[in-house]
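All remarks here apply to the structure that follows.
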2 protein chains.
Amino acid sequence: MFAHEDTNNFIITKYVLLLYQNISVCEHKYSISKCMDEKFPKIRIKDIASLAGVSEGTVDRVLHNRGDVSAKSQEAVKKVLEEMNYTPNLFARSLASKKQYRFVSIIPEYLPEEYWERVDKGFDKAAIDFFHHNVLIDKMYFNQFNVNTFVELTNKVIEAKPDAVFLAPIFRKESLNFCKELSRLEIPVSFIDSLIPEADFLTYYGQNSFQSGYVAAKLLLNGIKSKIQILVIRTRRKGSVSNQTISRYEGFIQYINDKNLNELVELINIEFDNSDEDLNLGLLRTALLGNKNIRGAITFNSKVYRLAMHLVALNKSEIHIIGYDLLKKNVSYLQEGIINCLIAQRPDKQAYFTVRDMCRELIFNQEIKKINYVPIDILLKENIEYYLQFIE
Amino acid sequence: MFAHEDTNNFIITKYVLLLYQNISVCEHKYSISKCMDEKFPKIRIKDIASLAGVSEGTVDRVLHNRGDVSAKSQEAVKKVLEEMNYTPNLFARSLASKKQYRFVSIIPEYLPEEYWERVDKGFDKAAIDFFHHNVLIDKMYFNQFNVNTFVELTNKVIEAKPDAVFLAPIFRKESLNFCKELSRLEIPVSFIDSLIPEADFLTYYGQNSFQSGYVAAKLLLNGIKSKIQILVIRTRRKGSVSNQTISRYEGFIQYINDKNLNELVELINIEFDNSDEDLNLGLLRTALLGNKNIRGAITFNSKVYRLAMHLVALNKSEIHIIGYDLLKKNVSYLQEGIINCLIAQRPDKQAYFTVRDMCRELIFNQEIKKINYVPIDILLKENIEYYLQFIE
DNA sequence: TGTATCTTCGTGGGCGAACACGGAACGACA
DNA sequence: TGTCGTTCCGTGTTCGCCCACGAAGATACA
C-alpha cells in the first residue's frame, strides 16, 4: 500500500544510483548494509568501448556525431550506449575540452538598487557557476532612454561575434534587427524580461505580465461590495516600445471586466512624470481632493515607492497600495505597512536560468524549454522577510 | 552617475572572470573587443607551485592540511594562494578524488502525491546533481504513526555508519537519541521540515510555521469589519510529538491577538478523524447548523482537500477556505475556486539544499548557513499555474 | 664516517573525456 | 606487385587535481 514498503513492512532503501542511470526507480530495493558495501558502478567511455568491441575513439566519434565510423560500429556502439544508459561525466568533459565560450548579456544600465541590478546579479552567479565549463560572460549595458546607445552597442557585439547573446529587448524594432543579424551569423539569442515573438530565439524567461496585472487586481479588489475609487498611476516612457507595464494594465482591466466590477470600481488615472516629484505630488493632491472615495492605488512599474512616499506626505494611510518588484525602497515601505502588497518575479533567476539553458544547449546537449514564465510571487509585510532571506 | 558608465558614456563591459577571482568587480572595465581576445587566466596548483618556488605536491599538502610541510614552505604557499586568490577547480577535484560519500535520508514513508513525495523528489534531484562528486544517497523511510519503525530504522543506520544523515525529526525524543549517537560517531546530521534545537546539527531547512500561521490568519481575516465565525479544523496525531501544525495554529492565534480581533472573530474548533470521512462530514454539518455566520475555514496540515470536499458536499461555496501545501487534490480545488488560498513551502528545495549544503561542508569546504527558513509562498487560483510550471 | 631515522618534498600515475595524429585495411589502377 | 587514396579506427596526450611512493636532506648515534 505504501509507496515504499518492503517485506519488513517499513524499511526501504532506494539505491539512488539506479535512478540516476534511469534503471527502474522503484522496483529495486536494497537493505542498507548491502547498499553501503556497493561500489559506484560508474559507466565510462572505456566500458562502452570494450562492451561494443571498439576503441574509445570510436565511441567518442559516435557520441559527438563526428563521422568516420562504419555503419556496423555505429550500430554496435549506439546499442551499448542505450543498454548501459550511458551519461557522460560533464565535469571530465569540460575539463578536457579546449573550446571556450563567450556569452554577452545586454541589458539596460541601472542605478544601484534599481530593478536591473537584480537581473545583473543573476548573470554574475551564472558566470561563477559555469566558469569551469569554459564559459565567460561579457556584460554590456545600454541606456534605455536612448535608442542610439542600443544600436551602437549591438553593432559592436555583432563585430565581436560571441557564441551567444542574452538580450532584454526593450527597443522592439532595433532588437529585431539585431536578432536577424545574429541569426544570419548563427549566433543564438535568448530573451529576458520580455520577448519578440517574430524573432528567432532559444529561450525566454520572464513574467506573464498580463496575468500579473490580473493578480494585482484580485489582490486589490477582491471582496469589495460597495462603490470605490482606485488610483492608477502610470508613467509615460519615451522611446522604448515593448513594455511589460502595458500588459500588466491590460490584465488589471481584464479582471475588472471578468468580475463585472465596472459599476463598483472607478479608476482615477494619473500620469506621473519620470523625475519631477513635486509635480507628481501636486497631481496626487488634486486627485485626492476631487475624489473622496479612494481606497486603493497601484503602479505598474517598479517605482511604487514614489507613490507611497507621496501618500505618506499627504497623510493618506488608509489607501491600499500595491506595486511591483522588490526594490529596496519598495520593501521598506512594505515592511512599514505603507505598501500593502508587492508582486515579484525573481529577476536574478531569470538571468541565471537563461545562461544555464544556453549551456545546456551548446555544451551539455540537454533538452530545454523555450518559453519560461516565472512565478508571480505575492509578498506581504508578513512574508517578505523569509523571501528575501532565502538566498539560493 | 550610472553604475556602469565609462568614458563613452554608455558602453561598458564587465569582465566577469574578475568577479570570479574576487578581484574588484566594478573597477575594471574593458571594451568588448579587448575582452573577446583575452584568454581565460585560470590559476592552477601548478601556477601556485612555481610562484611559491615549491612543487605541486607541497601546494597540495598545504591545501589539504596534510602536514609534512616545513614552516617556511607553508608560509610561502599560503602567501601566494592568498595573493592569487586561488580557487580549486571542483570538477577536477571530484574527478581525481577517490573518496566516496554515502548519505542517508530518513523521512516518513508516503502515499503517492502526499507531502513527503515532493521532499523525496528533491533528494532525487540532488542525487543526480552530486553523483559525479562521488556522492550516493540512500533513501530510507519510516512509518510516522509507528515509532518502532523509526527506532529500528535508525539503529540500522547507526550500524551502517554513513558519512551524513538527513533527518525529518518527527519523533522528537527518539530523534534526539539518534542524533546523540550520530554525534558520538562524528556523523553530521541535517534536519529537514522541523528541528530539534538541543541536538547537534549541521543545517536546518524548513518553514517558520508560526509565521506561516500568522500569514494564513492575515489572508483569511484581513479587513473584516463585522463579527464572523471561522472554522478551525485540526487533526489529532497519536504518537508523534514534534509538529509543525501546532506552531501554525499558534501563529494564527497570535495574529488575532495582535490585531485585536478577539471580539470580531469567533473560532469554531473541529477535530477531524484521520480516516473516517463520514464522521468528519457529520461534524461539519453539525457545526454549520449551529453557527450561521461562518465565513472562513482553515486547516493547519496539508489535508485541506478533505475540508474542501465536505464543504462542496454541504453546498457551502461562500466559505473562504485556506490551507497548506500543494498536494494535487489541494491544487485542483484551488484551481476550481473552492479553496481560496494555499500556502506552500518548497519541499523539494528543502531537501535539495540540505544535500547541497552537506556537500559544501564535507567536499567543497564552503561556508554554509545553519538555519534556513524557506519562503512562505502564497498561491491563489490566479498565480498557481506559473508557480507549478516553473521547474528549476 | 657509516648507518638508521625522521622530516620534507618532488614525481608519476590516474580520474573520464576530447581530440589530434597517424596507422591499418581495403580497393583501384598502372 | 607496387603505389596511391579512402575509409575507418586505435593510441597518446592533455585538462586540473589527488595521492601514493619513494628520494633527498637533516639529524643523531655508534
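Residue numbers start at 1 in each chain; chains themselves are named A, B, ... in the order of the C-alpha cells; ligands are numbered from 1 in the order shown.
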
(request) May I have the residues within 12 Å of D:DA26 as a ChimeraX atom specification, using only C-alpha atoms (C1' of nucleotides) and disregarding those fewer than 6 positions away in the same chain? (result) /C:5-8

Set out as CSV a contact list for chain C and chain B with a cut-off of 7 Å, giving each residue of chain C that qualifies its closest atom pair and distance in Å to one decimal, counting only C-alpha atoms (C1' of nucleotides), ordered by chain and rising residue number.
residue,atom,partner,partner_atom,distance
C:DT8,C1',B:Asp68,CA,6.0
C:DC9,C1',B:Thr58,CA,6.6
C:DG10,C1',B:Ser55,CA,6.2
C:DC15,C1',B:Ala96,CA,4.5

(message) Report as a ChimeraX atom specification all protein, DNA and RNA residues lying within 7 Å of stretch 202-214 of chain A, evaluated on only C-alpha atoms (C1' of nucleotides), omitting residues in the same chain fewer than 2 positions from it.
(response) /A:188-195,216-218,244,247-252,254-255,345,350,354,369-376

Mind dumping the selected residues with C-alpha atoms as a compact mmCIF listing (two decimals), in the first residue's frame?
# COMPACT_ATOMS: atom_id res chain seq x y z
CA PRO A 188 21.87 32.06 -30.68
CA VAL A 189 19.92 34.68 -28.70
CA SER A 190 17.86 34.31 -25.55
CA PHE A 191 15.36 36.88 -24.38
CA ILE A 192 14.97 38.05 -20.84
CA ASP A 193 12.16 40.10 -19.28
CA SER A 194 10.17 40.48 -22.49
CA LEU A 195 10.18 38.74 -25.85
CA ALA A 216 -2.74 42.60 -8.75
CA ALA A 217 -6.36 43.44 -9.46
CA LYS A 218 -7.54 40.46 -7.47
CA GLN A 244 5.67 44.97 -19.65
CA SER A 247 0.13 44.24 -20.42
CA ARG A 248 0.02 44.43 -16.65
CA TYR A 249 -2.50 47.22 -17.04
CA GLU A 250 -4.49 45.17 -19.53
CA GLY A 251 -4.57 42.23 -17.15
CA PHE A 252 -5.74 44.55 -14.41
CA GLN A 254 -9.48 42.28 -17.62
CA TYR A 255 -10.06 41.28 -14.01
CA GLN A 345 9.26 37.98 -10.39
CA GLN A 350 15.55 34.82 -14.98
CA THR A 354 18.91 31.96 -19.27
CA LYS A 369 12.12 24.66 -22.73
CA LYS A 370 11.65 27.66 -24.99
CA ILE A 371 9.09 29.76 -23.13
CA ASN A 372 9.55 30.03 -19.39
CA TYR A 373 7.21 32.12 -17.28
CA VAL A 374 8.49 32.76 -13.80
CA PRO A 375 6.15 32.61 -10.80
CA ILE A 376 4.03 35.59 -9.80

(request) Write out as a count of residues only the residues lying within 10 Å of B:Leu81, counting only C-alpha atoms (C1' of nucleotides) and excluding same-chain residues fewer than 6 positions away. (result) 12

(message) Measuring between only C-alpha atoms (C1' of nucleotides), which one of D:DA28, D:DA23, D:DC9, D:DC18 shows the shortest distance to chain A?
(response) D:DC9

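When only C-alpha atoms are used to measure the gap to chain B, the shortest distance among A:Tyr110, A:Phe103, A:Tyr86, A:Tyr115 belongs to A:Tyr110.
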
(request) Tell me the residues of chain D close to chain B, meaning within 12 Å using only C-alpha atoms (C1' of nucleotides), as a list in words. (result) DC15, DG16, DC17, DC18, DC19 and DA20 of chain D

For the residues in that selection, give me N, CA and C atoms (P, O5', C5', C4', C3', O3' and C1' of nucleotides) as a short mmCIF file (atom, residue, chain, number, x, y, z; two decimals), in the first residue's frame.
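The file below, result.cif, is the result:
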data_model
loop_
_atom_site.label_atom_id
_atom_site.label_comp_id
_atom_site.auth_asym_id
_atom_site.auth_seq_id
_atom_site.Cartn_x
_atom_site.Cartn_y
_atom_site.Cartn_z
P DC D 15 47.62 20.72 -20.60
"O5'" DC D 15 46.21 20.83 -19.90
"C5'" DC D 15 45.07 21.33 -20.59
"C4'" DC D 15 43.83 21.01 -19.78
"C3'" DC D 15 44.02 21.19 -18.28
"O3'" DC D 15 43.56 22.48 -17.89
"C1'" DC D 15 42.84 19.15 -18.82
P DG D 16 44.42 23.39 -16.91
"O5'" DG D 16 43.99 22.89 -15.47
"C5'" DG D 16 42.66 23.05 -15.03
"C4'" DG D 16 42.46 22.27 -13.76
"C3'" DG D 16 43.46 22.59 -12.63
"O3'" DG D 16 42.72 22.79 -11.44
"C1'" DG D 16 43.45 20.27 -13.08
P DC D 17 43.43 23.02 -10.03
"O5'" DC D 17 43.35 21.58 -9.39
"C5'" DC D 17 42.10 20.97 -9.18
"C4'" DC D 17 42.29 19.52 -8.79
"C3'" DC D 17 43.10 19.31 -7.51
"O3'" DC D 17 42.24 18.78 -6.53
"C1'" DC D 17 43.73 17.79 -9.26
P DC D 18 42.75 18.52 -5.03
"O5'" DC D 18 43.06 16.96 -5.05
"C5'" DC D 18 42.00 16.06 -5.33
"C4'" DC D 18 42.50 14.64 -5.21
"C3'" DC D 18 43.23 14.32 -3.90
"O3'" DC D 18 42.77 13.06 -3.46
"C1'" DC D 18 44.61 13.79 -5.75
P DC D 19 43.01 12.63 -1.94
"O5'" DC D 19 44.20 11.61 -2.10
"C5'" DC D 19 44.16 10.66 -3.14
"C4'" DC D 19 45.50 9.99 -3.27
"C3'" DC D 19 46.31 9.88 -1.97
"O3'" DC D 19 46.89 8.60 -1.94
"C1'" DC D 19 47.63 10.84 -3.63
P DA D 20 47.07 7.82 -0.60
"O5'" DA D 20 47.96 6.59 -1.08
"C5'" DA D 20 47.72 6.03 -2.38
"C4'" DA D 20 49.04 5.67 -3.06
"C3'" DA D 20 50.09 5.09 -2.12
"O3'" DA D 20 50.77 4.03 -2.78
"C1'" DA D 20 50.95 7.04 -3.17
#
